[in-house]
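Trainee: Provided herewith: data.txt, compact mmCIF, C-alpha atoms and all ligand atoms.
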# COMPACT_ATOMS: atom_id res chain seq x y z
CA MET A 1 77.48 72.55 126.82
CA ASN A 2 79.37 69.99 124.84
CA HIS A 3 80.78 67.53 127.31
CA CYS A 4 78.86 64.95 129.26
CA LEU A 5 80.42 64.53 132.72
CA ARG A 6 78.91 61.17 133.59
CA ARG A 7 82.18 59.26 133.31
CA TYR A 8 84.26 61.94 135.01
CA HIS A 9 82.58 61.73 138.42
CA THR A 10 81.59 58.71 140.49
CA PHE A 11 77.97 59.82 141.11
CA ALA A 12 77.55 59.36 137.34
CA LEU A 13 74.88 62.06 136.99
CA PRO A 14 73.78 63.38 133.58
CA VAL A 15 75.48 66.78 133.86
CA ARG A 16 77.52 68.67 131.30
CA ALA A 17 80.36 71.19 131.02
CA ARG A 18 81.45 73.57 128.26
CA GLN A 19 84.84 71.95 127.92
CA VAL A 20 86.91 69.14 129.43
CA ILE A 21 90.71 69.10 129.06
CA THR A 22 92.95 66.23 130.12
CA VAL A 23 96.16 67.40 131.79
CA GLU A 24 99.07 64.95 131.55
CA SER A 25 102.02 67.30 132.07
CA LEU A 26 102.86 70.64 133.65
CA GLU A 27 103.03 72.10 130.12
CA ASP A 28 99.46 70.89 129.46
CA LEU A 29 98.43 72.52 132.72
CA SER A 30 99.94 75.89 131.89
CA ARG A 31 98.55 75.86 128.31
CA ALA A 32 95.06 74.89 129.47
CA TYR A 33 95.06 77.51 132.22
CA GLN A 34 96.03 80.28 129.78
CA GLN A 35 93.32 79.19 127.36
CA VAL A 36 90.69 79.29 130.12
CA GLN A 37 91.93 82.71 131.26
CA ARG A 38 91.65 84.09 127.72
CA ALA A 39 88.11 82.74 127.41
CA LYS A 40 87.32 84.19 130.89
CA GLN A 41 85.60 80.97 131.83
CA PRO A 42 85.08 79.39 135.24
CA LEU A 43 87.64 76.66 135.89
CA LEU A 44 87.36 73.44 137.84
CA LEU A 45 90.27 71.11 138.66
CA LEU A 46 89.09 67.55 138.99
CA GLY A 47 90.82 64.29 139.92
CA GLU A 48 88.63 61.22 139.52
CA GLY A 49 85.49 63.07 140.66
CA SER A 50 84.94 60.74 143.61
CA ASN A 51 84.03 63.42 146.12
CA THR A 52 81.97 65.83 144.04
CA LEU A 53 78.26 66.25 143.53
CA PHE A 54 77.55 68.30 140.40
CA CYS A 55 74.40 70.16 141.41
CA GLU A 56 73.90 71.51 137.87
CA ASP A 57 75.77 71.83 134.57
CA PHE A 58 79.21 73.42 134.92
CA GLN A 59 79.40 76.62 132.84
CA GLY A 60 83.12 76.46 132.19
CA THR A 61 86.17 74.27 131.65
CA ILE A 62 87.14 71.23 133.68
CA LEU A 63 90.79 70.21 133.87
CA LEU A 64 91.18 66.51 134.55
CA ILE A 65 94.44 66.14 136.50
CA ARG A 66 96.11 63.03 135.05
CA LEU A 67 99.75 63.76 136.04
CA LYS A 68 101.53 60.43 136.51
CA GLY A 69 104.75 59.29 138.14
CA LEU A 70 106.17 57.61 141.23
CA GLN A 71 109.66 57.81 142.71
CA VAL A 72 110.75 55.71 145.67
CA GLU A 73 113.80 56.48 147.77
CA GLU A 74 114.91 54.08 150.47
CA ARG A 75 116.20 55.66 153.66
CA ALA A 76 117.54 53.90 156.76
CA GLU A 77 114.23 54.03 158.62
CA ALA A 78 111.60 54.79 156.02
CA TRP A 79 110.68 54.85 152.36
CA HIS A 80 110.20 58.27 150.85
CA LEU A 81 107.75 58.34 147.96
CA ARG A 82 107.02 61.22 145.60
CA VAL A 83 103.73 60.51 143.85
CA ALA A 84 102.14 62.58 141.09
CA ALA A 85 98.66 63.90 141.85
CA GLY A 86 96.94 62.00 139.04
CA GLU A 87 97.96 58.54 140.21
CA ASN A 88 95.11 56.39 141.52
CA TRP A 89 95.16 56.18 145.32
CA HIS A 90 94.15 52.52 145.67
CA GLN A 91 96.66 51.39 143.04
CA LEU A 92 99.35 53.20 145.04
CA VAL A 93 98.29 51.43 148.26
CA ASP A 94 98.24 48.08 146.47
CA TYR A 95 101.71 48.73 144.96
CA THR A 96 103.25 49.67 148.32
CA ILE A 97 101.91 46.52 149.97
CA GLN A 98 103.18 44.34 147.08
CA GLN A 99 106.61 45.98 147.41
CA GLY A 100 106.81 45.29 151.15
CA MET A 101 106.26 48.94 152.16
CA ALA A 102 103.48 48.40 154.68
CA GLY A 103 101.57 51.25 156.29
CA LEU A 104 98.85 52.48 153.94
CA GLU A 105 96.72 49.31 154.10
CA ASN A 106 93.87 50.81 156.17
CA LEU A 107 93.40 53.34 153.38
CA ALA A 108 92.90 50.65 150.72
CA LEU A 109 90.04 50.90 148.19
CA ILE A 110 89.34 54.56 148.84
CA PRO A 111 88.29 55.84 145.43
CA GLY A 112 90.01 58.82 143.85
CA SER A 113 93.39 60.26 142.99
CA VAL A 114 96.49 60.92 145.10
CA GLY A 115 95.99 64.69 144.82
CA ALA A 116 92.45 64.38 146.15
CA ALA A 117 93.72 62.19 149.00
CA ALA A 118 95.77 65.16 150.22
CA LEU A 119 93.07 67.77 149.63
CA GLN A 120 90.55 65.68 151.49
CA ASN A 121 92.92 64.21 154.09
CA ILE A 122 91.25 60.87 153.43
CA GLY A 123 90.79 58.57 156.38
CA ALA A 124 89.44 55.14 157.23
CA TYR A 125 89.65 52.53 159.98
CA GLY A 126 91.65 54.66 162.38
CA VAL A 127 94.23 55.99 159.88
CA GLU A 128 94.49 59.30 158.00
CA PHE A 129 96.52 60.47 154.99
CA LYS A 130 98.24 63.15 157.10
CA GLN A 131 100.10 60.50 159.13
CA PHE A 132 102.16 59.65 156.04
CA CYS A 133 102.45 63.05 154.39
CA ARG A 134 105.88 64.75 154.18
CA TYR A 135 104.90 67.52 151.80
CA VAL A 136 102.46 68.60 149.10
CA ASP A 137 103.65 70.09 145.80
CA LEU A 138 101.44 72.83 144.39
CA ILE A 139 101.50 75.11 141.40
CA ASP A 140 100.26 78.64 141.66
CA LEU A 141 98.56 78.90 138.27
CA GLN A 142 98.49 82.69 138.32
CA GLN A 143 102.24 83.06 138.83
CA GLY A 144 103.24 79.77 137.22
CA GLN A 145 105.31 79.02 140.34
CA PRO A 146 105.82 75.66 142.07
CA VAL A 147 105.53 75.62 145.86
CA ARG A 148 106.42 72.73 148.20
CA LEU A 149 104.50 72.85 151.48
CA PRO A 150 105.68 70.71 154.40
CA ALA A 151 102.91 68.62 155.98
CA SER A 152 103.05 70.84 159.06
CA ALA A 153 101.81 73.77 156.92
CA CYS A 154 98.94 71.86 155.27
CA GLN A 155 96.44 72.34 158.15
CA PHE A 156 95.25 68.76 157.93
CA ALA A 157 92.14 68.00 160.00
CA TYR A 158 89.17 65.62 159.79
CA ARG A 159 88.43 65.49 156.02
CA ASP A 160 89.95 68.95 155.73
CA SER A 161 93.16 70.72 154.69
CA LEU A 162 94.46 74.14 153.73
CA PHE A 163 93.86 73.22 150.07
CA LYS A 164 90.08 73.19 150.53
CA HIS A 165 90.24 76.83 151.55
CA LEU A 166 92.60 78.23 148.91
CA GLU A 167 91.25 80.08 145.86
CA HIS A 168 89.94 77.13 143.90
CA GLN A 169 90.84 78.48 140.46
CA ARG A 170 94.41 79.35 141.37
CA TRP A 171 96.21 76.50 143.12
CA VAL A 172 96.61 72.95 141.94
CA ILE A 173 98.12 70.01 143.78
CA VAL A 174 100.59 68.33 141.41
CA GLY A 175 102.20 65.77 143.70
CA VAL A 176 102.67 64.58 147.25
CA GLY A 177 105.60 63.32 149.30
CA LEU A 178 104.97 60.36 151.58
CA ASN A 179 106.96 58.88 154.42
CA ILE A 180 106.33 55.20 155.08
CA PRO A 181 108.27 54.11 158.18
CA LYS A 182 109.94 50.70 157.95
CA ALA A 183 108.82 49.90 161.49
CA TRP A 184 105.27 48.76 160.82
CA HIS A 185 102.59 49.49 163.43
CA PRO A 186 99.32 48.00 162.20
CA CYS A 187 96.27 49.98 163.30
CA LEU A 188 93.64 47.51 164.52
CA THR A 189 91.56 49.85 166.68
CA TYR A 190 88.48 49.83 164.41
CA GLY A 191 85.81 47.47 165.80
CA GLU A 192 85.79 44.97 162.94
CA LEU A 193 89.61 44.69 162.99
CA THR A 194 90.09 43.89 166.67
CA PRO A 195 89.40 40.14 166.14
CA LEU A 196 92.49 40.04 163.87
CA SER A 197 94.92 38.66 166.38
CA THR A 198 98.54 39.76 166.20
CA PRO A 199 100.91 39.00 164.61
CA VAL A 200 99.04 40.08 161.52
CA VAL A 201 100.74 40.50 158.15
CA PRO A 202 100.21 43.57 155.97
CA GLN A 203 98.64 41.68 153.07
CA ALA A 204 96.07 40.06 155.41
CA LEU A 205 95.13 43.43 156.87
CA PHE A 206 94.88 44.91 153.37
CA ASN A 207 92.59 42.04 152.29
CA THR A 208 90.40 42.43 155.39
CA ILE A 209 90.01 46.17 154.82
CA CYS A 210 89.05 45.53 151.19
CA ALA A 211 86.49 42.92 152.29
CA ILE A 212 84.93 45.26 154.89
CA ARG A 213 84.64 48.06 152.34
CA ARG A 214 83.22 45.79 149.64
CA ALA A 215 80.53 44.57 152.06
CA LYS A 216 79.37 48.06 153.07
CA LEU A 217 80.32 50.55 150.42
CA PRO A 218 78.98 50.42 146.87
CA ASP A 219 81.45 50.11 143.98
CA PRO A 220 81.06 53.37 142.04
CA LEU A 221 81.50 51.48 138.78
CA LEU A 222 78.32 49.54 139.56
CA LEU A 223 76.29 52.05 141.59
CA GLY A 224 77.01 55.77 141.38
CA ASN A 225 78.00 57.35 144.72
CA ALA A 226 80.63 59.57 146.33
CA GLY A 227 81.28 57.67 149.56
CA SER A 228 80.07 59.25 152.78
CA PHE A 229 77.74 62.08 151.80
CA PHE A 230 77.87 63.80 155.21
CA LYS A 231 80.64 64.17 157.80
CA ASN A 232 80.31 62.52 161.17
CA PRO A 233 79.19 65.55 163.22
CA LEU A 234 80.96 66.95 166.24
CA ILE A 235 78.79 67.62 169.29
CA THR A 236 79.59 68.77 172.82
CA LYS A 237 79.92 66.25 175.64
CA HIS A 238 76.88 67.90 177.20
CA GLN A 239 74.81 67.23 174.06
CA LEU A 240 76.14 63.69 174.05
CA GLN A 241 74.87 63.00 177.58
CA ASP A 242 71.47 64.27 176.60
CA LEU A 243 71.36 62.08 173.48
CA LEU A 244 72.69 59.00 175.31
CA SER A 245 69.85 59.27 177.84
CA ARG A 246 67.45 58.82 174.93
CA TYR A 247 69.59 56.65 172.62
CA PRO A 248 71.99 54.58 174.74
CA ASP A 249 73.34 52.77 171.62
CA LEU A 250 74.50 55.92 169.83
CA PRO A 251 78.06 55.24 168.52
CA TYR A 252 80.52 58.04 169.35
CA TYR A 253 84.27 58.60 169.26
CA PRO A 254 86.55 60.91 171.27
CA HIS A 255 87.56 64.09 169.43
CA SER A 256 88.72 66.84 171.82
CA GLN A 257 88.30 67.80 175.46
CA ARG A 258 84.95 69.41 174.75
CA GLN A 259 83.67 67.49 171.75
CA VAL A 260 82.92 63.99 170.51
CA LYS A 261 82.17 62.74 167.01
CA VAL A 262 78.95 60.80 166.48
CA ALA A 263 78.14 58.34 163.69
CA ALA A 264 75.99 60.10 161.10
CA GLY A 265 75.15 56.76 159.43
CA TRP A 266 73.62 55.56 162.70
CA LEU A 267 71.56 58.77 163.06
CA ILE A 268 70.24 58.38 159.51
CA GLU A 269 69.39 54.73 160.04
CA GLN A 270 67.62 55.55 163.33
CA SER A 271 65.49 58.11 161.51
CA GLY A 272 64.17 55.27 159.39
CA LEU A 273 65.75 56.67 156.25
CA LYS A 274 67.79 53.64 155.15
CA GLY A 275 66.56 52.76 151.67
CA CYS A 276 64.61 56.04 151.40
CA ARG A 277 64.35 57.06 147.76
CA ILE A 278 63.54 60.17 145.75
CA GLY A 279 63.40 59.28 142.08
CA ASP A 280 66.59 57.31 141.43
CA ALA A 281 68.51 58.84 144.36
CA ALA A 282 68.53 56.57 147.40
CA VAL A 283 70.04 56.03 150.84
CA HIS A 284 72.28 52.97 150.50
CA GLN A 285 70.91 49.83 152.15
CA GLN A 286 74.27 48.69 153.60
CA GLN A 287 75.52 52.11 154.77
CA ALA A 288 73.07 54.94 155.40
CA LEU A 289 75.78 57.61 155.16
CA VAL A 290 76.17 56.86 151.46
CA LEU A 291 73.69 58.19 148.89
CA VAL A 292 73.53 56.27 145.63
CA ASN A 293 72.40 56.81 142.06
CA LEU A 294 70.20 53.82 141.21
CA GLY A 295 70.68 54.50 137.50
CA HIS A 296 69.01 57.67 136.27
CA ALA A 297 69.20 60.01 139.26
CA THR A 298 69.34 63.74 138.58
CA PRO A 299 71.22 66.30 140.68
CA GLN A 300 67.84 67.66 141.81
CA GLN A 301 66.82 64.26 143.16
CA VAL A 302 70.10 63.77 145.05
CA LEU A 303 69.82 67.27 146.51
CA ALA A 304 66.17 66.74 147.49
CA LEU A 305 67.16 63.54 149.29
CA ALA A 306 70.10 65.23 151.04
CA LYS A 307 67.84 68.09 152.19
CA HIS A 308 65.25 65.63 153.47
CA ILE A 309 67.92 63.76 155.50
CA HIS A 310 69.32 67.05 156.81
CA GLN A 311 65.87 68.16 158.00
CA GLN A 312 64.98 64.83 159.60
CA ILE A 313 68.23 64.62 161.56
CA LYS A 314 67.86 68.22 162.68
CA GLN A 315 64.32 67.57 163.86
CA GLN A 316 65.00 64.30 165.65
CA PHE A 317 68.48 64.89 167.11
CA ALA A 318 68.98 68.69 166.92
CA ILE A 319 72.15 68.03 164.88
CA SER A 320 72.92 69.85 161.64
CA LEU A 321 74.76 67.50 159.26
CA GLU A 322 77.44 68.98 157.03
CA PRO A 323 78.20 67.49 153.62
CA GLU A 324 81.48 65.61 153.40
CA ILE A 325 81.48 65.91 149.62
CA CYS A 326 81.95 69.04 147.55
CA LEU A 327 78.72 70.52 146.15
CA MET A 328 79.60 72.01 142.76
CA GLY A 329 77.48 74.74 141.17
CA ALA A 330 77.50 76.26 137.68
CA THR A 331 80.65 78.32 138.25
CA GLY A 332 82.27 76.90 141.42
CA PRO A 333 81.68 75.31 144.81
CA LEU A 334 78.38 76.11 146.54
CA ASN A 335 77.85 77.02 150.18
CA PRO A 336 76.51 73.78 151.72
CA ALA A 337 74.52 75.59 154.43
CA GLU A 338 72.61 77.51 151.74
CA VAL A 339 72.04 74.44 149.57
CA LEU A 340 70.67 72.33 152.42
CA ALA A 341 68.66 75.07 154.17
N1 LIG B 401 76.11 52.74 161.33
C1 LIG B 401 74.81 52.36 161.43
N2 LIG B 401 74.06 52.35 160.28
C2 LIG B 401 74.56 52.71 159.08
C3 LIG B 401 75.91 53.12 158.99
C4 LIG B 401 76.68 53.13 160.13
O1 LIG B 401 74.31 52.03 162.50
O2 LIG B 401 73.82 52.65 158.11
C5 LIG B 401 76.97 52.69 162.54
C6 LIG B 401 77.94 51.52 162.45
O3 LIG B 401 77.38 50.33 162.94
C7 LIG B 401 79.08 51.99 163.33
C8 LIG B 401 79.06 53.50 163.09
O4 LIG B 401 77.77 53.84 162.60
O5 LIG B 401 78.81 51.77 164.68
C9 LIG B 401 80.14 53.96 162.11
O6 LIG B 401 79.94 53.32 160.86
P1 LIG B 401 81.16 52.89 159.90
O7 LIG B 401 82.18 52.20 160.70
O8 LIG B 401 80.59 52.19 158.71
O9 LIG B 401 81.84 54.24 159.46
P2 LIG B 401 81.29 55.72 159.23
O10 LIG B 401 81.55 56.52 160.47
O11 LIG B 401 79.91 55.69 158.72
C10 LIG B 401 83.57 56.69 158.43
C11 LIG B 401 84.10 57.42 157.25
C12 LIG B 401 84.30 56.48 156.09
C13 LIG B 401 85.27 55.39 156.49
C14 LIG B 401 84.72 54.67 157.73
C15 LIG B 401 85.64 53.64 158.29
C16 LIG B 401 83.29 59.70 157.45
C17 LIG B 401 82.34 60.74 156.96
N3 LIG B 401 83.19 58.50 156.88
O12 LIG B 401 82.27 56.22 158.08
O13 LIG B 401 84.87 57.21 155.00
O14 LIG B 401 85.46 54.47 155.44
O15 LIG B 401 84.46 55.63 158.78
O16 LIG B 401 86.68 54.27 158.95
O17 LIG B 401 84.10 59.98 158.33
C18 LIG B 401 84.32 58.53 153.10
O18 LIG B 401 84.93 59.45 153.65
O19 LIG B 401 83.75 58.69 152.00
C19 LIG B 401 84.21 57.26 153.79
C20 LIG B 401 83.54 56.23 153.26
Once more with this new file: its structure as structure tokens, please.
Ligand code: EPU
Mentor:
Amino acid sequence: MNHCLRRYHTFALPVRARQVITVESLEDLSRAYQQVQRAKQPLLLLGEGSNTLFCEDFQGTILLIRLKGLQVEERAEAWHLRVAAGENWHQLVDYTIQQGMAGLENLALIPGSVGAAALQNIGAYGVEFKQFCRYVDLIDLQQGQPVRLPASACQFAYRDSLFKHLEHQRWVIVGVGLNIPKAWHPCLTYGELTPLSTPVVPQALFNTICAIRRAKLPDPLLLGNAGSFFKNPLITKHQLQDLLSRYPDLPYYPHSQRQVKVAAGWLIEQSGLKGCRIGDAAVHQQQALVLVNLGHATPQQVLALAKHIHQQIKQQFAISLEPEICLMGATGPLNPAEVLA
């Protein structure tokens, strides 16, 4: 186990892998894949590691996707961008705003790569990646074939996409196509944005989003974390009525005819777990949905804390939280229900 993974994932845990290979071109990708196949080793494709919890050492090879490149095409009503998967998401958002291509501002400061943004269908402050996606470019590593999937085939949903359910050692996202309409419709529906009176300019909205995030969410360079640890759970409207009779302040959002989404951070705070700590793993003081590494946390400590939260929320609210982040085992992703049981 030669390679320390601390700087390759934002939780910054002291975990290791057999091998780490940086992929900067499609040739690198093909060469690295063949090498891993020959060695019959488990393979993990990683962007900036901002949504992964390594639960133990990884007994195989990690390919760091660092494919770069950006092409912009101006159309009558929109800009069409083709962005390589290894570009940094926030730098892309910043660039588009600077260039007068407004639209992505609510997704500012989300850590991670462009490829991960598609995989995860990132979202914040009322906006999701899928609203801007035209297509996703993949490579089938087994066949060596490129495939371009239109957004309509990507099965985007709340922090979910087709790509999360494909064979994880076979398909790799190499780029995405974005459509940024020239007609700008700022999304100000999120509570803390409604005071921004219109007309608002894109740069001001971008700055406000950055300020909100900086106030609540820890900078992974200073305090290890992977953003929201759990998803906001979906419950039935019937369950909601029951909970509201006991907790009238429970924040919830419409989801479908039958279901609503409730704020997991609020549930965790209500359980008195804000600031709760196991070793160096802790519930963040400013946002209870985020677990942080105070410096020397181990995977075991983070998992013990996550299990404790899971149990408490189940006991108090009869809600089973699901991880939002990927739990990575020694040879591949773990089943979250088994890990948290
Ligand atoms: N809340 C509390 N206490 C807390 C945290 C939240 O009471 O400790 C309450 C807030 O007051 C608010 C509600 O819960 O009424 C929702 O909180 P917030 O607006 O901070 O957002 P969130 O639902 O906790 C989600 C996303 C974030 C995204 C924000 C803003 C998920 C799992 N998380 O968090 O995404 O930035 O909304 O849109 O959907 C991420 O995916 O990693 C992430 C950070």
Trainee: When distances are computed from only C-alpha atoms and all ligand atoms, which of A:Val136, A:Ile268, A:Leu234, A:Cys4 shows the smallest separation from ligand LIG 401 (chain B)?
Mentor: A:Ile268
Trainee: Between A:Ser50, A:Gln287, A:Gln155, A:Ser197, single out the one closest to Asn88 of chain A, counting all atoms listed in the file.
Mentor: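 The shortest atom-to-atom distance to Asn88 of chain A comes from A:Ser50.
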Trainee: Using only C-alpha atoms and all ligand atoms, which residues of chain A come within 9 Å of ligand LIG 401 (chain B), and what is the closest atom pair for each, with the distance in Å to one decimal? Give it as a tab-separated table, sorted by chain and residue number.
Mentor:
residue	atom	partner	partner_atom	distance
A:Ser50	CA	B:LIG401	O19	8.7
A:Asn51	CA	B:LIG401	O19	7.6
A:Asn106	CA	B:LIG401	O16	8.4
A:Leu107	CA	B:LIG401	O14	8.3
A:Ile110	CA	B:LIG401	C20	7.5
A:Pro111	CA	B:LIG401	O19	8.5
A:Gln120	CA	B:LIG401	O18	8.7
A:Ile122	CA	B:LIG401	O18	6.5
A:Gly123	CA	B:LIG401	O13	6.2
A:Ala124	CA	B:LIG401	O16	3.4
A:Tyr125	CA	B:LIG401	O16	3.6
A:Gly126	CA	B:LIG401	O16	6.1
A:Val127	CA	B:LIG401	O16	7.8
A:Tyr158	CA	B:LIG401	O17	7.7
A:Arg159	CA	B:LIG401	O18	7.4
A:Tyr190	CA	B:LIG401	O16	7.3
A:Gly191	CA	B:LIG401	O7	7.8
A:Glu192	CA	B:LIG401	O7	8.4
A:Arg213	CA	B:LIG401	O14	7.2
A:Lys216	CA	B:LIG401	O8	7.1
A:Leu217	CA	B:LIG401	C20	7.1
A:Ala226	CA	B:LIG401	O19	6.5
A:Gly227	CA	B:LIG401	O19	3.6
A:Ser228	CA	B:LIG401	O19	3.8
A:Phe229	CA	B:LIG401	O19	6.9
A:Phe230	CA	B:LIG401	C17	5.7
A:Lys231	CA	B:LIG401	C17	3.9
A:Asn232	CA	B:LIG401	C17	5.0
A:Pro233	CA	B:LIG401	C17	8.5
A:Asp249	CA	B:LIG401	O5	8.9
A:Leu250	CA	B:LIG401	O5	7.9
A:Pro251	CA	B:LIG401	O5	5.2
A:Tyr252	CA	B:LIG401	C8	7.9
A:Val262	CA	B:LIG401	O10	7.8
A:Ala263	CA	B:LIG401	O4	4.6
A:Ala264	CA	B:LIG401	O11	6.4
A:Gly265	CA	B:LIG401	C3	3.7
A:Trp266	CA	B:LIG401	O1	3.6
A:Leu267	CA	B:LIG401	O1	7.3
A:Ile268	CA	B:LIG401	O2	6.9
A:Glu269	CA	B:LIG401	N2	5.2
A:Gln270	CA	B:LIG401	O1	7.6
A:Lys274	CA	B:LIG401	O2	6.8
A:Val283	CA	B:LIG401	O2	8.9
A:His284	CA	B:LIG401	O2	7.8
A:Gln285	CA	B:LIG401	O2	7.2
A:Gln286	CA	B:LIG401	O2	6.0
A:Gln287	CA	B:LIG401	O2	3.8
A:Ala288	CA	B:LIG401	O2	3.6
A:Leu289	CA	B:LIG401	O11	5.8
A:Val290	CA	B:LIG401	C20	7.6
A:Pro323	CA	B:LIG401	C17	8.6
A:Glu324	CA	B:LIG401	C17	6.1
A:Ile325	CA	B:LIG401	O19	7.9
Trainee: Please provide as number ranges by chain all residues within 12 Å of Gln98 of chain A, with the sequence filter that same-chain residues fewer than 3 positions apart are discarded (counting all atoms listed in the file).
Mentor: A: 91-95, 101-105, 201-204, 206
Trainee: Could you please determine the separation between atom CA of Tyr135 of chain A and atom CA of Glu74 of chain A in Å, to one decimal place?
Mentor: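 So the two atoms, atom CA of Tyr135 of chain A and atom CA of Glu74 of chain A, lie 16.8 Å apart.
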Trainee: Just give me the gap between atom CA of Ala17 of chain A and atom CA of Leu5 of chain A in Å, one decimal is fine.
Mentor: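 Computed distance, atom CA of Ala17 of chain A to atom CA of Leu5 of chain A, equals 6.9 Å.
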Trainee: Point out the residue among A:Val172, A:Trp184, A:Leu138, A:Ala117 with the least atom-to-atom distance to Val23 of chain A, counting all atoms listed in the file.
Mentor: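 Under the stated criterion, the closest residue is A:Val172.
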